[in-house]
Structure formats: C-alpha cells, structure tokens
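The file my_file14.tsv contains TSV, C-alpha atoms:
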```
chain	number	residue	atom	x	y	z
A	1	MET	CA	27.16	37.88	-12.41
A	2	ALA	CA	24.76	35.69	-14.36
A	3	THR	CA	24.93	31.93	-14.83
A	4	ILE	CA	23.18	29.43	-17.07
A	5	THR	CA	23.16	25.74	-16.21
A	6	GLU	CA	21.52	23.15	-18.42
A	7	ARG	CA	21.26	19.36	-18.22
A	8	VAL	CA	21.83	17.77	-21.62
A	9	ASP	CA	21.79	14.13	-22.70
A	10	CYS	CA	24.79	12.81	-24.57
A	11	CYS	CA	26.55	9.63	-25.57
A	12	ILE	CA	30.11	9.15	-24.32
A	13	CYS	CA	32.59	6.86	-26.04
A	14	ASP	CA	35.86	6.46	-24.17
A	15	HIS	CA	39.34	5.50	-25.40
A	16	ARG	CA	38.51	1.81	-24.84
A	17	GLY	CA	35.43	1.99	-27.06
A	18	LEU	CA	32.97	1.76	-24.16
A	19	ILE	CA	29.78	3.69	-24.84
A	20	GLU	CA	27.52	5.16	-22.17
A	21	ASN	CA	24.40	7.29	-22.49
A	22	THR	CA	24.39	9.90	-19.77
A	23	THR	CA	23.29	13.37	-18.81
A	24	VAL	CA	25.88	16.09	-18.35
A	25	VAL	CA	25.54	19.59	-16.98
A	26	LEU	CA	26.66	22.49	-19.15
A	27	ARG	CA	27.51	25.66	-17.25
A	28	TYR	CA	28.36	29.17	-18.34
A	29	THR	CA	28.90	32.15	-16.08
A	30	THR	CA	29.68	35.76	-16.84
A	31	ARG	CA	32.27	35.56	-14.06
A	32	ASP	CA	34.41	33.53	-16.49
A	33	PRO	CA	33.07	34.82	-19.82
A	34	TYR	CA	35.54	33.01	-22.06
A	35	ALA	CA	34.81	29.48	-20.81
A	36	VAL	CA	32.08	26.86	-20.80
A	37	ARG	CA	32.14	23.90	-18.43
A	38	ILE	CA	30.84	20.34	-18.68
A	39	ALA	CA	30.19	18.44	-15.45
A	40	PHE	CA	29.92	14.67	-15.57
A	41	GLY	CA	28.65	14.01	-12.08
A	42	SER	CA	30.50	12.99	-8.97
A	43	ARG	CA	32.56	10.21	-10.50
A	44	ARG	CA	34.11	12.22	-13.34
A	45	PRO	CA	35.95	15.55	-13.50
A	46	MET	CA	34.53	18.83	-14.80
A	47	TRP	CA	36.01	20.04	-18.07
A	48	GLY	CA	36.35	23.68	-18.98
A	49	PHE	CA	37.22	25.00	-22.40
A	50	ALA	CA	36.87	28.08	-24.58
A	51	ARG	CA	33.26	28.89	-25.32
A	52	ASP	CA	34.29	29.86	-28.85
A	53	LEU	CA	35.07	26.20	-29.51
A	54	LEU	CA	31.49	25.23	-28.74
A	55	ILE	CA	30.03	28.15	-30.69
A	56	ASP	CA	32.24	27.54	-33.75
A	57	GLY	CA	32.03	23.76	-33.52
A	58	MET	CA	28.27	23.85	-33.99
A	59	ASN	CA	28.89	24.72	-37.65
A	60	HIS	CA	32.43	23.67	-38.55
A	61	PRO	CA	35.37	21.82	-36.95
A	62	ALA	CA	37.01	23.84	-34.19
A	63	GLY	CA	39.86	23.36	-31.77
A	64	MET	CA	43.10	21.49	-31.53
A	65	GLY	CA	44.89	19.66	-28.79
A	66	ASP	CA	42.84	18.71	-25.75
A	67	VAL	CA	39.40	19.81	-27.01
A	68	LEU	CA	37.92	19.40	-30.47
A	69	VAL	CA	34.35	20.24	-31.46
A	70	ARG	CA	32.80	19.39	-34.81
A	71	PRO	CA	29.33	19.12	-36.29
A	72	GLY	CA	27.96	15.76	-37.31
A	73	HIS	CA	24.87	14.58	-39.19
A	74	ALA	CA	22.35	15.44	-36.45
A	75	GLY	CA	24.71	16.04	-33.59
A	76	VAL	CA	27.76	17.83	-32.32
A	77	HIS	CA	30.84	15.85	-31.33
A	78	VAL	CA	33.11	17.06	-28.54
A	79	THR	CA	36.42	15.22	-28.12
A	80	LEU	CA	38.19	15.63	-24.78
A	81	ARG	CA	41.80	14.45	-24.45
A	82	SER	CA	43.98	14.09	-21.39
A	83	PRO	CA	47.14	12.15	-20.53
A	84	SER	CA	44.92	9.39	-19.10
A	85	GLY	CA	42.77	8.95	-22.20
A	86	GLU	CA	40.25	10.36	-24.60
A	87	ALA	CA	36.47	10.58	-24.67
A	88	GLN	CA	34.09	11.59	-27.41
A	89	LEU	CA	30.77	13.11	-26.42
A	90	THR	CA	27.96	13.26	-28.95
A	91	PHE	CA	25.13	15.72	-28.35
A	92	LEU	CA	21.97	16.17	-30.38
A	93	ARG	CA	22.37	19.56	-32.00
A	94	HIS	CA	18.89	20.76	-31.09
A	95	GLU	CA	19.66	20.14	-27.40
A	96	LEU	CA	22.76	22.39	-27.49
A	97	VAL	CA	21.26	25.28	-29.47
A	98	PRO	CA	19.27	26.82	-26.56
A	99	PHE	CA	22.33	26.77	-24.29
A	100	VAL	CA	24.62	28.29	-26.94
A	101	ASP	CA	22.05	30.92	-27.90
A	102	THR	CA	21.46	31.95	-24.28
A	103	MET	CA	25.20	32.07	-23.62
A	104	GLN	CA	25.63	34.47	-26.54
A	105	LEU	CA	22.71	36.62	-25.36
A	106	MET	CA	24.30	36.87	-21.91
A	107	VAL	CA	27.66	37.90	-23.34
A	108	PRO	CA	27.75	38.70	-27.06
A	109	ARG	CA	30.78	37.47	-28.92
A	110	GLY	CA	33.63	39.95	-28.79
A	111	ARG	CA	32.32	41.56	-25.59
A	112	GLU	CA	33.69	39.00	-23.13
A	113	HIS	CA	36.35	41.47	-21.93
A	114	GLU	CA	33.60	43.70	-20.54
A	115	HIS	CA	32.79	41.00	-17.97
A	116	VAL	CA	36.30	40.32	-16.70
A	117	ASP	CA	37.04	41.66	-13.22
A	118	LEU	CA	40.64	42.77	-13.75
A	119	ASP	CA	41.06	43.70	-10.08
A	120	ALA	CA	40.18	40.14	-9.07
A	121	VAL	CA	42.59	38.74	-11.69
A	122	LEU	CA	45.39	40.96	-10.40
A	123	ARG	CA	44.64	39.98	-6.79
A	124	ALA	CA	44.76	36.30	-7.77
A	125	LEU	CA	48.06	36.80	-9.57
A	126	GLY	CA	49.44	38.59	-6.51
A	127	ALA	CA	48.41	35.66	-4.33
A	128	ILE	CA	50.29	33.29	-6.63
A	129	ALA	CA	53.50	35.35	-6.76
```

Would you kindly transcribe this structure into structure tokens?
Amino acid sequence: MATITERVDCCICDHRGLIENTTVVLRYTTRDPYAVRIAFGSRRPMWGFARDLLIDGMNHPAGMGDVLVRPGHAGVHVTLRSPSGEAQLTFLRHELVPFVDTMQLMVPRGREHEHVDLDAVLRALGAIA
C-alpha cells in the first residue's frame, strides 16, 4: 500500500457566503484506489469522493449531486454538498497538479481494480451481513 498526503491552500466559501482561507490535506491511498479524501482539520469532517472527479474536473466540469469539480480561470473549484449545507473550495490549479500527477503515477487510470483487495471487501461484507 502506498499513500500520498499533501497540504494545499484553498479558499472556502460556505452556504452563508462566509469566506475563509485555509489549508486542507489531500490524501490518496492505493488501499482505496478509486477515492481521494480532503481533510479540513479537527473541526470539520473529511470528505471522500471519486478520484476521477478531481482528475476530470481539472480540465472540464465533472460530477453531479454531492460533489462537483470544475476548472476556473486560474483555479479549480470543488463544490461539496450535504443536507446541512454547501461549501465551495477554490484551489490554485498549479497547487493541485503535483498531487493529481502523483496519484495517477501511483495507480494509472483504468488500473484501479488491480489494487482492490477483494478478500478484504468480501470479509467486510460478511461482517455487515
């Protein structure tokens, strides 16, 4: 298992229009090769979503529902929606590129299935049943 973790600055605008500059932690692990996670620190939850949304959203609008990613003038906008509200994160594109590139080097697109431990998935499903 390999993991990449990177601290990235962003601007967060919440559903009330409040804006905060902050640093988030992006995390990708081959243990969960289809997902990327954003951690907001101890006072906010961690969000996980399909890594393809981040990869695609660097160049064109991607996603629907709870997570939307789209390119902007010099940045990348990530919209996160939940029943309790919505937040828009704006990242400078050049700060996301190294993370996205490394993530794709770790697990090339279309090869995510090679990193899934099916035995562990089946054990987890058995524990739920």

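The shell of residues at most 8 Å from stretch 68-79 of chain A, with all atoms listed in the file counted and near chain neighbours (fewer than 4 positions) removed, consists of A:Leu53, A:Leu54, A:Asp56, A:Gly57, A:Met58, A:Asn59, A:His60, A:Pro61, A:Ala62, A:Gly63, A:Met64, A:Glu86, A:Ala87, A:Gln88, A:Leu89, A:Thr90, A:Phe91, A:Leu92, A:Arg93, A:His94.
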
Find the residue from A:Asp14, A:Asp52, A:Glu95, A:Asp66 that sits nearest to A:Leu26; use all atoms listed in the file when measuring.
A:Glu95

Residues near stretch 30-35 of chain A, cut-off 7 Å, all atoms listed in the file, skip fewer than 2 positions along chain, as an mmCIF file with C-alpha atoms, in the frame of the given file:
```
data_model
loop_
_atom_site.group_PDB
_atom_site.id
_atom_site.type_symbol
_atom_site.label_atom_id
_atom_site.label_comp_id
_atom_site.auth_asym_id
_atom_site.auth_seq_id
_atom_site.Cartn_x
_atom_site.Cartn_y
_atom_site.Cartn_z
ATOM 1 C CA MET A 1 27.160 37.880 -12.410
ATOM 2 C CA ALA A 2 24.760 35.690 -14.360
ATOM 3 C CA THR A 3 24.930 31.930 -14.830
ATOM 4 C CA TYR A 28 28.360 29.170 -18.340
ATOM 5 C CA ARG A 37 32.140 23.900 -18.430
ATOM 6 C CA GLY A 48 36.350 23.680 -18.980
ATOM 7 C CA PHE A 49 37.220 25.000 -22.400
ATOM 8 C CA ALA A 50 36.870 28.080 -24.580
ATOM 9 C CA ARG A 51 33.260 28.890 -25.320
ATOM 10 C CA GLU A 112 33.690 39.000 -23.130
ATOM 11 C CA HIS A 115 32.790 41.000 -17.970
ATOM 12 C CA VAL A 116 36.300 40.320 -16.700
#
```

One decimal, Å: what's the distance from atom CA of A:Met46 over to atom CA of A:Val8, could you say?
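Atom-to-atom, atom CA of A:Met46 to atom CA of A:Val8, that is 14.5 Å.
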
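Taking atom CA of A:Ile55 as the reference point, atom CA of A:Arg27 is found at 13.9 Å.
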
What are the centre and edge lengths in Å, to one decimal, of the axis-aligned box around all listed atoms of stretch 67-72 of chain A with 3 Å added on each side, as JSON?
```
{"center_x": 33.7, "center_y": 18.0, "center_z": -32.2, "size_x": 17.4, "size_y": 10.5, "size_z": 16.3}
```

Distance of atom CA of A:Ile12 from atom CA of A:Met106, expressed in Å to one decimal place:
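Rounded to one decimal, the two atoms are 28.4 Å apart.
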
Counting only C-alpha atoms, what is within 7 Å of A:Arg7, bar same-chain residues fewer than 5 positions away, as a PDB file with C-alpha atoms, in the coordinates of the input?
```pdb
ATOM      1  CA  THR A  23      23.290  13.370 -18.810  1.00  0.00           C
ATOM      2  CA  VAL A  24      25.880  16.090 -18.350  1.00  0.00           C
ATOM      3  CA  VAL A  25      25.540  19.590 -16.980  1.00  0.00           C
ATOM      4  CA  LEU A  26      26.660  22.490 -19.150  1.00  0.00           C
TER       5      LEU A  26
END
```

Missing atoms of stretch 67-78 of chain A rebuilt to all heavy atoms, written as a PDB file, in the coordinates of the input:
```pdb
ATOM      1  N   VAL A  67      40.835  19.716 -26.745  1.00  0.00           N
ATOM      2  CA  VAL A  67      39.400  19.810 -27.010  1.00  0.00           C
ATOM      3  C   VAL A  67      39.156  20.086 -28.484  1.00  0.00           C
ATOM      4  O   VAL A  67      39.693  21.042 -29.041  1.00  0.00           O
ATOM      5  CB  VAL A  67      38.742  20.934 -26.156  1.00  0.00           C
ATOM      6  CG1 VAL A  67      37.246  21.011 -26.438  1.00  0.00           C
ATOM      7  CG2 VAL A  67      39.003  20.718 -24.669  1.00  0.00           C
ATOM      8  N   LEU A  68      38.335  19.231 -29.081  1.00  0.00           N
ATOM      9  CA  LEU A  68      37.920  19.400 -30.470  1.00  0.00           C
ATOM     10  C   LEU A  68      36.402  19.362 -30.512  1.00  0.00           C
ATOM     11  O   LEU A  68      35.784  18.550 -29.825  1.00  0.00           O
ATOM     12  CB  LEU A  68      38.462  18.268 -31.345  1.00  0.00           C
ATOM     13  CG  LEU A  68      39.962  18.000 -31.291  1.00  0.00           C
ATOM     14  CD1 LEU A  68      40.289  16.708 -32.015  1.00  0.00           C
ATOM     15  CD2 LEU A  68      40.702  19.160 -31.920  1.00  0.00           C
ATOM     16  N   VAL A  69      35.803  20.224 -31.307  1.00  0.00           N
ATOM     17  CA  VAL A  69      34.350  20.240 -31.460  1.00  0.00           C
ATOM     18  C   VAL A  69      34.060  20.280 -32.949  1.00  0.00           C
ATOM     19  O   VAL A  69      34.653  21.069 -33.688  1.00  0.00           O
ATOM     20  CB  VAL A  69      33.715  21.464 -30.755  1.00  0.00           C
ATOM     21  CG1 VAL A  69      32.199  21.402 -30.843  1.00  0.00           C
ATOM     22  CG2 VAL A  69      34.163  21.546 -29.298  1.00  0.00           C
ATOM     23  N   ARG A  70      33.145  19.409 -33.385  1.00  0.00           N
ATOM     24  CA  ARG A  70      32.800  19.390 -34.810  1.00  0.00           C
ATOM     25  C   ARG A  70      31.349  18.980 -34.987  1.00  0.00           C
ATOM     26  O   ARG A  70      30.817  18.192 -34.200  1.00  0.00           O
ATOM     27  CB  ARG A  70      33.720  18.453 -35.579  1.00  0.00           C
ATOM     28  CG  ARG A  70      33.628  17.017 -35.175  1.00  0.00           C
ATOM     29  CD  ARG A  70      34.615  16.125 -35.947  1.00  0.00           C
ATOM     30  NE  ARG A  70      34.648  14.803 -35.394  1.00  0.00           N
ATOM     31  CZ  ARG A  70      33.728  13.869 -35.601  1.00  0.00           C
ATOM     32  NH1 ARG A  70      32.704  14.117 -36.367  1.00  0.00           N
ATOM     33  NH2 ARG A  70      33.832  12.674 -35.043  1.00  0.00           N
ATOM     34  N   PRO A  71      30.717  19.515 -36.017  1.00  0.00           N
ATOM     35  CA  PRO A  71      29.330  19.120 -36.290  1.00  0.00           C
ATOM     36  C   PRO A  71      29.286  17.748 -36.924  1.00  0.00           C
ATOM     37  O   PRO A  71      30.217  17.335 -37.624  1.00  0.00           O
ATOM     38  CB  PRO A  71      28.849  20.208 -37.257  1.00  0.00           C
ATOM     39  CG  PRO A  71      30.091  20.662 -37.959  1.00  0.00           C
ATOM     40  CD  PRO A  71      31.207  20.517 -36.956  1.00  0.00           C
ATOM     41  N   GLY A  72      28.203  17.047 -36.679  1.00  0.00           N
ATOM     42  CA  GLY A  72      27.960  15.760 -37.310  1.00  0.00           C
ATOM     43  C   GLY A  72      26.624  15.812 -38.039  1.00  0.00           C
ATOM     44  O   GLY A  72      26.042  16.886 -38.210  1.00  0.00           O
ATOM     45  N   HIS A  73      26.127  14.655 -38.425  1.00  0.00           N
ATOM     46  CA  HIS A  73      24.870  14.580 -39.190  1.00  0.00           C
ATOM     47  C   HIS A  73      23.719  15.272 -38.438  1.00  0.00           C
ATOM     48  O   HIS A  73      23.099  16.182 -38.946  1.00  0.00           O
ATOM     49  CB  HIS A  73      24.530  13.123 -39.499  1.00  0.00           C
ATOM     50  CG  HIS A  73      23.216  12.940 -40.165  1.00  0.00           C
ATOM     51  ND1 HIS A  73      22.931  13.488 -41.388  1.00  0.00           N
ATOM     52  CD2 HIS A  73      22.097  12.298 -39.763  1.00  0.00           C
ATOM     53  CE1 HIS A  73      21.686  13.180 -41.728  1.00  0.00           C
ATOM     54  NE2 HIS A  73      21.160  12.448 -40.747  1.00  0.00           N
ATOM     55  N   ALA A  74      23.421  14.820 -37.238  1.00  0.00           N
ATOM     56  CA  ALA A  74      22.350  15.440 -36.450  1.00  0.00           C
ATOM     57  C   ALA A  74      22.875  15.891 -35.096  1.00  0.00           C
ATOM     58  O   ALA A  74      22.117  16.342 -34.249  1.00  0.00           O
ATOM     59  CB  ALA A  74      21.205  14.449 -36.253  1.00  0.00           C
ATOM     60  N   GLY A  75      24.170  15.753 -34.901  1.00  0.00           N
ATOM     61  CA  GLY A  75      24.710  16.040 -33.590  1.00  0.00           C
ATOM     62  C   GLY A  75      25.962  16.892 -33.645  1.00  0.00           C
ATOM     63  O   GLY A  75      26.411  17.317 -34.706  1.00  0.00           O
ATOM     64  N   VAL A  76      26.506  17.106 -32.473  1.00  0.00           N
ATOM     65  CA  VAL A  76      27.760  17.830 -32.320  1.00  0.00           C
ATOM     66  C   VAL A  76      28.670  16.938 -31.496  1.00  0.00           C
ATOM     67  O   VAL A  76      28.274  16.419 -30.449  1.00  0.00           O
ATOM     68  CB  VAL A  76      27.534  19.184 -31.601  1.00  0.00           C
ATOM     69  CG1 VAL A  76      28.853  19.893 -31.354  1.00  0.00           C
ATOM     70  CG2 VAL A  76      26.593  20.064 -32.413  1.00  0.00           C
ATOM     71  N   HIS A  77      29.881  16.729 -31.985  1.00  0.00           N
ATOM     72  CA  HIS A  77      30.840  15.850 -31.330  1.00  0.00           C
ATOM     73  C   HIS A  77      31.896  16.689 -30.620  1.00  0.00           C
ATOM     74  O   HIS A  77      32.488  17.584 -31.217  1.00  0.00           O
ATOM     75  CB  HIS A  77      31.527  14.940 -32.362  1.00  0.00           C
ATOM     76  CG  HIS A  77      30.556  14.182 -33.199  1.00  0.00           C
ATOM     77  ND1 HIS A  77      29.839  13.119 -32.716  1.00  0.00           N
ATOM     78  CD2 HIS A  77      30.165  14.358 -34.484  1.00  0.00           C
ATOM     79  CE1 HIS A  77      29.063  12.655 -33.673  1.00  0.00           C
ATOM     80  NE2 HIS A  77      29.229  13.394 -34.754  1.00  0.00           N
ATOM     81  N   VAL A  78      32.107  16.385 -29.346  1.00  0.00           N
ATOM     82  CA  VAL A  78      33.110  17.060 -28.540  1.00  0.00           C
ATOM     83  C   VAL A  78      34.118  15.994 -28.106  1.00  0.00           C
ATOM     84  O   VAL A  78      33.750  15.024 -27.443  1.00  0.00           O
ATOM     85  CB  VAL A  78      32.496  17.740 -27.300  1.00  0.00           C
ATOM     86  CG1 VAL A  78      33.583  18.380 -26.442  1.00  0.00           C
ATOM     87  CG2 VAL A  78      31.454  18.774 -27.714  1.00  0.00           C
TER      88      VAL A  78
END
```
